[in-house]
>>> print(open('entry-v6.cif').read())   # mmCIF, C-alpha atoms
data_my_file
loop_
_atom_site.group_PDB
_atom_site.id
_atom_site.type_symbol
_atom_site.label_atom_id
_atom_site.label_comp_id
_atom_site.auth_asym_id
_atom_site.auth_seq_id
_atom_site.Cartn_x
_atom_site.Cartn_y
_atom_site.Cartn_z
ATOM 1 C CA MET A 9 38.686 30.090 21.558
ATOM 2 C CA SER A 10 39.956 27.605 18.987
ATOM 3 C CA ARG A 11 38.122 27.086 15.711
ATOM 4 C CA HIS A 12 37.448 23.392 15.211
ATOM 5 C CA VAL A 13 34.963 20.675 14.254
ATOM 6 C CA ALA A 14 33.498 19.137 17.423
ATOM 7 C CA ILE A 15 32.270 15.565 17.900
ATOM 8 C CA VAL A 16 29.156 14.601 19.851
ATOM 9 C CA THR A 17 27.882 11.093 20.518
ATOM 10 C CA ASP A 18 25.516 9.518 23.051
ATOM 11 C CA SER A 19 26.043 7.496 26.187
ATOM 12 C CA THR A 20 25.589 4.144 24.432
ATOM 13 C CA ALA A 21 28.981 4.527 22.686
ATOM 14 C CA TYR A 22 30.715 3.289 25.866
ATOM 15 C CA LEU A 23 34.036 4.876 24.972
ATOM 16 C CA PRO A 24 36.585 4.749 27.811
ATOM 17 C CA PRO A 25 36.426 8.068 29.724
ATOM 18 C CA GLN A 26 40.108 8.802 29.138
ATOM 19 C CA MET A 27 39.623 8.375 25.402
ATOM 20 C CA MET A 28 36.661 10.767 25.344
ATOM 21 C CA GLU A 29 38.673 13.321 27.279
ATOM 22 C CA ARG A 30 41.746 12.940 25.061
ATOM 23 C CA HIS A 31 39.711 13.517 21.896
ATOM 24 C CA SER A 32 37.267 16.079 23.393
ATOM 25 C CA ILE A 33 34.222 13.948 22.506
ATOM 26 C CA THR A 34 30.997 15.172 24.123
ATOM 27 C CA THR A 35 28.448 12.613 25.290
ATOM 28 C CA VAL A 36 24.694 13.185 25.587
ATOM 29 C CA PRO A 37 23.099 10.711 28.034
ATOM 30 C CA LEU A 38 20.085 8.520 27.396
ATOM 31 C CA THR A 39 17.731 7.831 30.291
ATOM 32 C CA VAL A 40 16.854 4.643 32.157
ATOM 33 C CA VAL A 41 13.461 4.587 33.855
ATOM 34 C CA LEU A 42 13.591 2.311 36.889
ATOM 35 C CA GLY A 43 10.205 2.128 38.538
ATOM 36 C CA ASP A 44 9.212 5.783 38.944
ATOM 37 C CA GLN A 45 12.796 7.097 38.723
ATOM 38 C CA ALA A 46 14.267 8.570 35.523
ATOM 39 C CA LEU A 47 18.052 8.229 35.744
ATOM 40 C CA GLU A 48 20.756 9.409 33.341
ATOM 41 C CA GLU A 49 22.991 6.669 31.998
ATOM 42 C CA GLY A 50 26.578 6.975 33.092
ATOM 43 C CA THR A 51 26.016 9.338 36.001
ATOM 44 C CA GLU A 52 22.874 8.372 37.912
ATOM 45 C CA ILE A 53 22.644 4.602 37.361
ATOM 46 C CA SER A 54 25.400 2.015 37.081
ATOM 47 C CA ALA A 55 25.379 -1.222 35.123
ATOM 48 C CA ARG A 56 25.601 -3.129 38.397
ATOM 49 C CA SER A 57 22.483 -1.426 39.795
ATOM 50 C CA LEU A 58 20.680 -2.117 36.539
ATOM 51 C CA ALA A 59 21.666 -5.805 36.559
ATOM 52 C CA LEU A 60 20.384 -6.192 40.124
ATOM 53 C CA ALA A 61 17.083 -4.538 39.182
ATOM 54 C CA LEU A 62 16.666 -6.862 36.205
ATOM 55 C CA GLN A 63 17.457 -9.929 38.298
ATOM 56 C CA LYS A 64 14.717 -8.823 40.715
ATOM 57 C CA ARG A 65 12.426 -8.375 37.682
ATOM 58 C CA ARG A 66 11.802 -4.712 38.431
ATOM 59 C CA PRO A 67 10.249 -2.828 35.487
ATOM 60 C CA VAL A 68 12.931 -1.068 33.442
ATOM 61 C CA THR A 69 12.501 1.061 30.317
ATOM 62 C CA THR A 70 14.716 3.501 28.443
ATOM 63 C CA SER A 71 14.156 6.826 26.730
ATOM 64 C CA ARG A 72 15.981 9.130 24.342
ATOM 65 C CA PRO A 73 17.474 12.511 25.236
ATOM 66 C CA SER A 74 15.123 15.402 24.540
ATOM 67 C CA PRO A 75 15.756 17.725 21.590
ATOM 68 C CA GLU A 76 16.208 20.493 24.165
ATOM 69 C CA THR A 77 19.105 18.573 25.721
ATOM 70 C CA PHE A 78 20.806 18.414 22.341
ATOM 71 C CA VAL A 79 20.168 22.113 21.687
ATOM 72 C CA ARG A 80 21.854 23.026 24.981
ATOM 73 C CA THR A 81 24.785 20.761 24.130
ATOM 74 C CA TYR A 82 25.240 22.206 20.638
ATOM 75 C CA ARG A 83 25.050 25.789 21.930
ATOM 76 C CA ALA A 84 27.608 25.110 24.657
ATOM 77 C CA ILE A 85 29.981 23.573 22.117
ATOM 78 C CA ALA A 86 29.524 26.529 19.747
ATOM 79 C CA GLU A 87 30.562 28.839 22.578
ATOM 80 C CA THR A 88 33.950 27.089 22.729
ATOM 81 C CA GLY A 89 34.676 28.229 19.175
ATOM 82 C CA ALA A 90 33.536 25.185 17.230
ATOM 83 C CA THR A 91 32.700 25.998 13.616
ATOM 84 C CA GLY A 92 30.658 22.827 13.138
ATOM 85 C CA ILE A 93 29.512 19.680 14.927
ATOM 86 C CA VAL A 94 29.304 16.027 13.885
ATOM 87 C CA SER A 95 26.675 14.293 16.029
ATOM 88 C CA LEU A 96 26.944 10.488 15.815
ATOM 89 C CA HIS A 97 24.318 8.231 17.360
ATOM 90 C CA LEU A 98 23.131 4.713 17.919
ATOM 91 C CA SER A 99 20.939 3.030 15.324
ATOM 92 C CA SER A 100 17.591 4.729 14.806
ATOM 93 C CA GLU A 101 16.105 1.217 14.842
ATOM 94 C CA PHE A 102 16.825 1.102 18.586
ATOM 95 C CA SER A 103 16.079 4.626 19.741
ATOM 96 C CA GLY A 104 14.664 8.024 18.849
ATOM 97 C CA THR A 105 17.995 9.631 19.785
ATOM 98 C CA TYR A 106 18.886 10.333 16.144
ATOM 99 C CA ASP A 107 15.502 11.981 15.533
ATOM 100 C CA ALA A 108 15.923 14.188 18.608
ATOM 101 C CA ALA A 109 19.365 15.277 17.411
ATOM 102 C CA VAL A 110 18.003 16.095 13.934
ATOM 103 C CA LEU A 111 15.327 18.312 15.462
ATOM 104 C CA ALA A 112 17.873 20.062 17.675
ATOM 105 C CA ALA A 113 20.290 20.652 14.807
ATOM 106 C CA LYS A 114 17.798 23.118 13.300
ATOM 107 C CA ASP A 115 18.274 25.406 16.325
ATOM 108 C CA SER A 116 22.046 25.082 16.579
ATOM 109 C CA PRO A 117 24.094 28.273 16.140
ATOM 110 C CA VAL A 118 26.652 26.331 14.044
ATOM 111 C CA PRO A 119 26.133 23.661 11.351
ATOM 112 C CA VAL A 120 25.453 20.168 12.718
ATOM 113 C CA ARG A 121 25.742 16.962 10.701
ATOM 114 C CA VAL A 122 23.674 14.277 12.441
ATOM 115 C CA VAL A 123 24.614 10.691 11.542
ATOM 116 C CA ASP A 124 22.633 7.509 12.145
ATOM 117 C CA THR A 125 25.588 5.130 12.381
ATOM 118 C CA GLY A 126 23.425 2.007 12.520
ATOM 119 C CA MET A 127 25.698 0.974 15.378
ATOM 120 C CA VAL A 128 25.682 0.743 19.161
ATOM 121 C CA ALA A 129 28.181 0.274 22.012
ATOM 122 C CA MET A 130 31.823 0.428 20.902
ATOM 123 C CA ALA A 131 30.720 -0.116 17.298
ATOM 124 C CA LEU A 132 29.388 3.436 17.705
ATOM 125 C CA GLY A 133 32.372 4.423 19.827
ATOM 126 C CA PHE A 134 34.872 3.509 17.112
ATOM 127 C CA CYS A 135 32.912 5.676 14.646
ATOM 128 C CA ALA A 136 33.046 8.645 17.018
ATOM 129 C CA LEU A 137 36.758 8.083 17.513
ATOM 130 C CA ALA A 138 37.385 8.041 13.747
ATOM 131 C CA ALA A 139 35.469 11.302 13.323
ATOM 132 C CA ALA A 140 37.401 12.911 16.181
ATOM 133 C CA GLU A 141 40.751 11.886 14.700
ATOM 134 C CA ALA A 142 39.741 13.312 11.321
ATOM 135 C CA ALA A 143 38.693 16.583 12.947
ATOM 136 C CA GLU A 144 41.938 16.765 14.931
ATOM 137 C CA ALA A 145 43.854 16.456 11.661
ATOM 138 C CA GLY A 146 42.091 19.594 10.419
ATOM 139 C CA GLY A 147 39.315 17.826 8.572
ATOM 140 C CA SER A 148 36.071 19.527 7.593
ATOM 141 C CA LEU A 149 32.582 18.487 8.647
ATOM 142 C CA ASP A 150 32.276 16.355 5.517
ATOM 143 C CA GLU A 151 35.652 14.722 6.094
ATOM 144 C CA ALA A 152 34.833 13.876 9.718
ATOM 145 C CA VAL A 153 31.500 12.363 8.662
ATOM 146 C CA ALA A 154 33.206 10.380 5.902
ATOM 147 C CA ALA A 155 35.745 9.000 8.382
ATOM 148 C CA ALA A 156 32.948 7.842 10.695
ATOM 149 C CA GLU A 157 31.011 6.257 7.839
ATOM 150 C CA LYS A 158 34.101 4.455 6.568
ATOM 151 C CA ARG A 159 34.754 3.099 10.049
ATOM 152 C CA ALA A 160 31.141 1.916 10.307
ATOM 153 C CA GLU A 161 31.482 0.013 7.028
ATOM 154 C CA GLY A 162 34.427 -1.914 8.449
ATOM 155 C CA THR A 163 32.830 -2.651 11.821
ATOM 156 C CA SER A 164 30.885 -5.735 12.884
ATOM 157 C CA ALA A 165 29.245 -6.606 16.200
ATOM 158 C CA TYR A 166 28.338 -10.056 17.463
ATOM 159 C CA PHE A 167 26.871 -11.082 20.769
ATOM 160 C CA TYR A 168 25.587 -13.840 22.969
ATOM 161 C CA VAL A 169 22.717 -13.477 25.451
ATOM 162 C CA ASP A 170 21.600 -15.946 28.096
ATOM 163 C CA THR A 171 17.976 -15.316 27.128
ATOM 164 C CA LEU A 172 16.073 -13.469 24.396
ATOM 165 C CA ASP A 173 13.418 -12.394 26.888
ATOM 166 C CA TYR A 174 14.831 -8.914 27.552
ATOM 167 C CA LEU A 175 15.178 -8.165 23.835
ATOM 168 C CA ARG A 176 11.648 -9.394 23.256
ATOM 169 C CA ARG A 177 10.233 -7.171 25.998
ATOM 170 C CA GLY A 178 11.964 -4.120 24.571
ATOM 171 C CA GLY A 179 10.911 -4.830 20.979
ATOM 172 C CA ARG A 180 14.560 -4.752 19.830
ATOM 173 C CA ILE A 181 14.744 -8.294 18.540
ATOM 174 C CA GLY A 182 14.009 -7.940 14.793
ATOM 175 C CA ALA A 183 14.192 -11.167 12.799
ATOM 176 C CA ALA A 184 15.663 -12.919 15.839
ATOM 177 C CA GLN A 185 12.040 -13.146 16.998
ATOM 178 C CA ALA A 186 11.976 -16.421 15.053
ATOM 179 C CA LEU A 187 14.363 -17.928 17.602
ATOM 180 C CA LEU A 188 11.925 -17.502 20.476
ATOM 181 C CA GLY A 189 10.042 -20.684 19.719
ATOM 182 C CA SER A 190 13.116 -22.712 20.536
ATOM 183 C CA ALA A 191 14.684 -20.313 23.013
ATOM 184 C CA LEU A 192 14.694 -22.898 25.787
ATOM 185 C CA ALA A 193 16.567 -25.408 23.650
ATOM 186 C CA VAL A 194 19.266 -23.112 22.236
ATOM 187 C CA LYS A 195 21.685 -20.359 23.152
ATOM 188 C CA PRO A 196 21.423 -17.687 20.459
ATOM 189 C CA LEU A 197 24.272 -15.875 18.766
ATOM 190 C CA LEU A 198 23.149 -12.568 17.286
ATOM 191 C CA GLN A 199 24.667 -9.880 15.098
ATOM 192 C CA LEU A 200 24.140 -6.229 14.301
ATOM 193 C CA GLU A 201 23.035 -6.046 10.685
ATOM 194 C CA GLY A 202 21.459 -3.068 8.932
ATOM 195 C CA GLY A 203 21.050 -1.314 12.261
ATOM 196 C CA ARG A 204 18.988 -4.170 13.688
ATOM 197 C CA ILE A 205 19.597 -7.231 15.824
ATOM 198 C CA GLU A 206 19.493 -10.276 13.587
ATOM 199 C CA PRO A 207 19.987 -14.010 14.257
ATOM 200 C CA LEU A 208 23.383 -15.455 13.429
ATOM 201 C CA GLU A 209 23.487 -19.017 14.743
ATOM 202 C CA ARG A 210 21.816 -21.295 17.251
ATOM 203 C CA VAL A 211 24.067 -23.232 19.592
ATOM 204 C CA ARG A 212 23.075 -25.821 22.197
ATOM 205 C CA THR A 213 25.069 -24.725 25.244
ATOM 206 C CA ALA A 214 26.456 -21.495 26.668
ATOM 207 C CA SER A 215 30.052 -22.750 26.591
ATOM 208 C CA ARG A 216 29.741 -23.785 22.955
ATOM 209 C CA ALA A 217 28.083 -20.483 22.061
ATOM 210 C CA ILE A 218 30.961 -18.495 23.568
ATOM 211 C CA ALA A 219 33.520 -20.710 21.829
ATOM 212 C CA ARG A 220 31.693 -20.168 18.544
ATOM 213 C CA LEU A 221 31.587 -16.401 19.196
ATOM 214 C CA GLU A 222 35.373 -16.484 19.529
ATOM 215 C CA GLU A 223 35.705 -18.388 16.248
ATOM 216 C CA ILE A 224 33.459 -15.956 14.377
ATOM 217 C CA VAL A 225 35.396 -12.944 15.656
ATOM 218 C CA ALA A 226 38.761 -14.492 14.744
ATOM 219 C CA GLU A 227 37.495 -15.285 11.237
ATOM 220 C CA ARG A 228 36.104 -11.780 10.815
ATOM 221 C CA ALA A 229 39.288 -10.124 12.068
ATOM 222 C CA GLY A 230 41.656 -12.073 9.839
ATOM 223 C CA ALA A 231 45.201 -10.704 9.781
ATOM 224 C CA ALA A 232 44.378 -7.062 8.961
ATOM 225 C CA PRO A 233 44.814 -4.381 11.664
ATOM 226 C CA VAL A 234 41.657 -4.289 13.792
ATOM 227 C CA ASP A 235 40.457 -2.858 17.066
ATOM 228 C CA ILE A 236 38.293 -5.097 19.247
ATOM 229 C CA ALA A 237 35.956 -4.332 22.130
ATOM 230 C CA VAL A 238 34.613 -7.042 24.424
ATOM 231 C CA HIS A 239 31.444 -6.027 26.255
ATOM 232 C CA HIS A 240 29.533 -7.766 29.015
ATOM 233 C CA LEU A 241 26.818 -7.255 31.609
ATOM 234 C CA ALA A 242 27.406 -8.871 34.997
ATOM 235 C CA ALA A 243 29.814 -11.382 33.401
ATOM 236 C CA PRO A 244 33.333 -9.963 33.997
ATOM 237 C CA GLU A 245 35.094 -13.329 34.220
ATOM 238 C CA ARG A 246 33.616 -14.501 30.919
ATOM 239 C CA ALA A 247 34.604 -11.236 29.251
ATOM 240 C CA ALA A 248 38.162 -11.277 30.594
ATOM 241 C CA ALA A 249 38.699 -14.887 29.546
ATOM 242 C CA LEU A 250 37.376 -14.230 26.045
ATOM 243 C CA ALA A 251 39.555 -11.127 25.708
ATOM 244 C CA ASP A 252 42.650 -13.108 26.719
ATOM 245 C CA ARG A 253 41.932 -15.750 24.099
ATOM 246 C CA LEU A 254 41.360 -13.120 21.405
ATOM 247 C CA ARG A 255 44.689 -11.445 22.249
ATOM 248 C CA ASP A 256 46.424 -14.722 21.470
ATOM 249 C CA ARG A 257 44.332 -15.567 18.432
ATOM 250 C CA VAL A 258 43.859 -12.330 16.428
ATOM 251 C CA LEU A 259 47.088 -11.667 14.547
ATOM 252 C CA GLY A 260 46.277 -8.100 13.470
ATOM 253 C CA LEU A 261 45.015 -6.922 16.850
ATOM 254 C CA ALA A 262 45.779 -3.236 17.483
ATOM 255 C CA ASP A 263 43.762 -2.164 20.536
ATOM 256 C CA LEU A 264 41.511 -4.304 22.710
ATOM 257 C CA HIS A 265 39.004 -2.787 25.140
ATOM 258 C CA VAL A 266 37.060 -4.731 27.778
ATOM 259 C CA SER A 267 34.098 -3.020 29.421
ATOM 260 C CA GLU A 268 30.716 -3.539 30.956
ATOM 261 C CA VAL A 269 27.886 -2.084 28.901
ATOM 262 C CA GLY A 270 25.865 0.713 30.425
ATOM 263 C CA ALA A 271 22.361 0.581 31.759
ATOM 264 C CA VAL A 272 20.572 1.429 28.490
ATOM 265 C CA ILE A 273 21.925 -1.491 26.470
ATOM 266 C CA GLY A 274 21.915 -3.724 29.539
ATOM 267 C CA ALA A 275 18.197 -3.108 30.016
ATOM 268 C CA HIS A 276 17.534 -4.685 26.622
ATOM 269 C CA THR A 277 19.980 -7.599 26.784
ATOM 270 C CA GLY A 278 19.898 -8.667 30.419
ATOM 271 C CA PRO A 279 22.679 -10.039 32.645
ATOM 272 C CA GLY A 280 25.004 -12.534 30.999
ATOM 273 C CA LEU A 281 25.481 -10.539 27.808
ATOM 274 C CA LEU A 282 28.804 -11.129 26.065
ATOM 275 C CA GLY A 283 29.422 -9.031 22.961
ATOM 276 C CA VAL A 284 32.360 -8.415 20.663
ATOM 277 C CA VAL A 285 32.907 -5.510 18.274
ATOM 278 C CA VAL A 286 35.486 -5.908 15.494
ATOM 279 C CA SER A 287 36.489 -2.690 13.749
ATOM 280 C CA ALA A 288 38.983 -2.459 10.882
ATOM 281 C CA ARG A 289 41.420 0.423 11.076
#
>>> encode(input="entry-v6.cif", output="structure tokens")
Amino acid sequence: MSRHVAIVTDSTAYLPPQMMERHSITTVPLTVVLGDQALEEGTEISARSLALALQKRRPVTTSRPSPETFVRTYRAIAETGATGIVSLHLSSEFSGTYDAAVLAAKDSPVPVRVVDTGMVAMALGFCALAAAEAAEAGGSLDEAVAAAEKRAEGTSAYFYVDTLDYLRRGGRIGAAQALLGSALAVKPLLQLEGGRIEPLERVRTASRAIARLEEIVAERAGAAPVDIAVHHLAAPERAAALADRLRDRVLGLADLHVSEVGAVIGAHTGPGLLGVVVSAR
């Protein structure tokens, strides 16, 4: 058994599977409740199935992992020889996942540092990756946490949705609630700010909104080295086209990932989501 600091995150980080395997990052799944079925994100329900359910207006909700699930995960990791665990999770404004991890940490056989990153999707994924790289370099618990927090400070997330209705239903809309009165007349651009979804701009058409999203990302990226993730739900052509334009436009681009979000985030944004995460190296 090797002595090491282990990294745990949750299924909303949407890290590519090969990257999680390469860096030995453990993922704890959230749950999607579809009708009377409780399904684990990533293994028991796909984004495509979720999008079809939403389009048919089937009732969909989400729930956090239980503290017991985290306890089992921490104990299994400790058995591999880990001397400590950094557990990084999506914003506590969106989910009780962080709270469940905090409760479980009290029963872990090794020290656990639980971090509310204030992030979600690859904004969370980049934080987990930074922590893993710090741990691989021999860093302590504190150093791995510091690496994740530094990455979070340099990370921004922007996104476009076809409608605010799904965010409204899930209560995840924050100050963007003010946009609902004119939701039929505008296409909203939103941002992740302070762990919440906040309004950024109002644009008249979908094509203009996506063009403006591209402009905002290019301005935010500048010429410094950055990683970018383009997310979508049931909009692969839009995502691929935007990614191609960003490859040409962002001078300091290091890595670019294109992926469909999972069922948990998709349940709250609805089909047509197009999101971009910009993360400074």
>>> resolve_selection(input="entry-v6.cif", expression="the PyMOL selection byres ((chain A and resi 56) around 10)", output="list in words")
Ile53, Ser54, Ala55, Ser57, Leu58, Ala59, Leu60, Ala61, Leu62, Leu241, Ala242, Glu268, Val269, Gly270, Ala271, Gly274 and Pro279 of chain A
>>> closest_residue(input="entry-v6.cif", among="A:Ile205, A:Val36, A:Val211, A:Leu250", to="His276 (chain A)", atoms="all atoms listed in the file")
A:Ile205
>>> residues_near_point(input="entry-v6.cif", point="(29.4, 15.0, 26.3)", cutoff="12 Å", atoms="all atoms listed in the file", output="PyMOL selection string")
chain A and resi 14-23+25+28-29+31-38+49-51+77-78+80-82+84-85+95-96+136
>>> closest_atom_pairs(input="entry-v6.cif", of="region 103-159 of chain A", to="region 195-204 of chain A", cutoff="12 Å", atoms="only C-alpha atoms", output="CSV")
residue,atom,partner,partner_atom,distance
A:Ser103,CA,A:Gly203,CA,10.8
A:Asp124,CA,A:Gly203,CA,9.0
A:Thr125,CA,A:Gly203,CA,7.9
A:Gly126,CA,A:Gly203,CA,4.1
A:Met127,CA,A:Gly203,CA,6.0
A:Val128,CA,A:Gly203,CA,8.6
A:Ala129,CA,A:Leu200,CA,10.9
A:Ala131,CA,A:Leu200,CA,9.5
A:Leu132,CA,A:Gly203,CA,11.0
>>> atom_distance(input="entry-v6.cif", atom1="CA of Arg228 (chain A)", atom2="CA of Leu281 (chain A)")
20.1 Å
>>> atom_distance(input="entry-v6.cif", atom1="CA of Glu141 (chain A)", atom2="CA of Ala156 (chain A)")
9.7 Å
>>> resolve_selection(input="entry-v6.cif", expression="the PyMOL selection byres ((chain A and resi 236) around 7)", output="compact mmCIF listing (two decimals) with C-alpha atoms, keeping the file's coordinate frame")
# COMPACT_ATOMS: atom_id res chain seq x y z
CA VAL A 234 41.66 -4.29 13.79
CA ASP A 235 40.46 -2.86 17.07
CA ALA A 237 35.96 -4.33 22.13
CA VAL A 238 34.61 -7.04 24.42
CA ASP A 263 43.76 -2.16 20.54
CA LEU A 264 41.51 -4.30 22.71
CA HIS A 265 39.00 -2.79 25.14
CA VAL A 284 32.36 -8.41 20.66
CA VAL A 285 32.91 -5.51 18.27
CA VAL A 286 35.49 -5.91 15.49
CA SER A 287 36.49 -2.69 13.75
>>> resolve_selection(input="entry-v6.cif", expression="the PyMOL selection byres ((chain A and resi 225-227) around 8)", output="PyMOL selection string")
chain A and resi 166+221-224+228-230+254+257-258+284+286
>>> atom_distance(input="entry-v6.cif", atom1="CA of Thr171 (chain A)", atom2="CA of Lys64 (chain A)")
15.4 Å
>>> axis_aligned_box(input="entry-v6.cif", around="region 15-31 of chain A", padding_each_side="3 Å", output="JSON")
{"center_x": 33.6, "center_y": 9.4, "center_z": 23.8, "size_x": 22.2, "size_y": 18.3, "size_z": 17.8}
>>> closest_residue(input="entry-v6.cif", among="A:Pro244, A:Gly43, A:Pro24, A:Gly89", to="Pro67 (chain A)", atoms="all atoms listed in the file")
A:Gly43
>>> closest_residue(input="entry-v6.cif", among="A:Ala86, A:Ala113, A:Ala231, A:Leu42", to="Arg65 (chain A)", atoms="all atoms listed in the file")
A:Leu42
>>> closest_residue(input="entry-v6.cif", among="A:Ala46, A:Ser100, A:Glu87, A:Ala139", to="Thr70 (chain A)", atoms="only C-alpha atoms")
A:Ala46
>>> closest_residue(input="entry-v6.cif", among="A:Val123, A:Leu47, A:Ala143, A:Val153", to="His12 (chain A)", atoms="only C-alpha atoms")
A:Ala143
>>> closest_residue(input="entry-v6.cif", among="A:Glu76, A:Glu144, A:Glu209, A:Glu48", to="Leu111 (chain A)", atoms="only C-alpha atoms")
A:Glu76
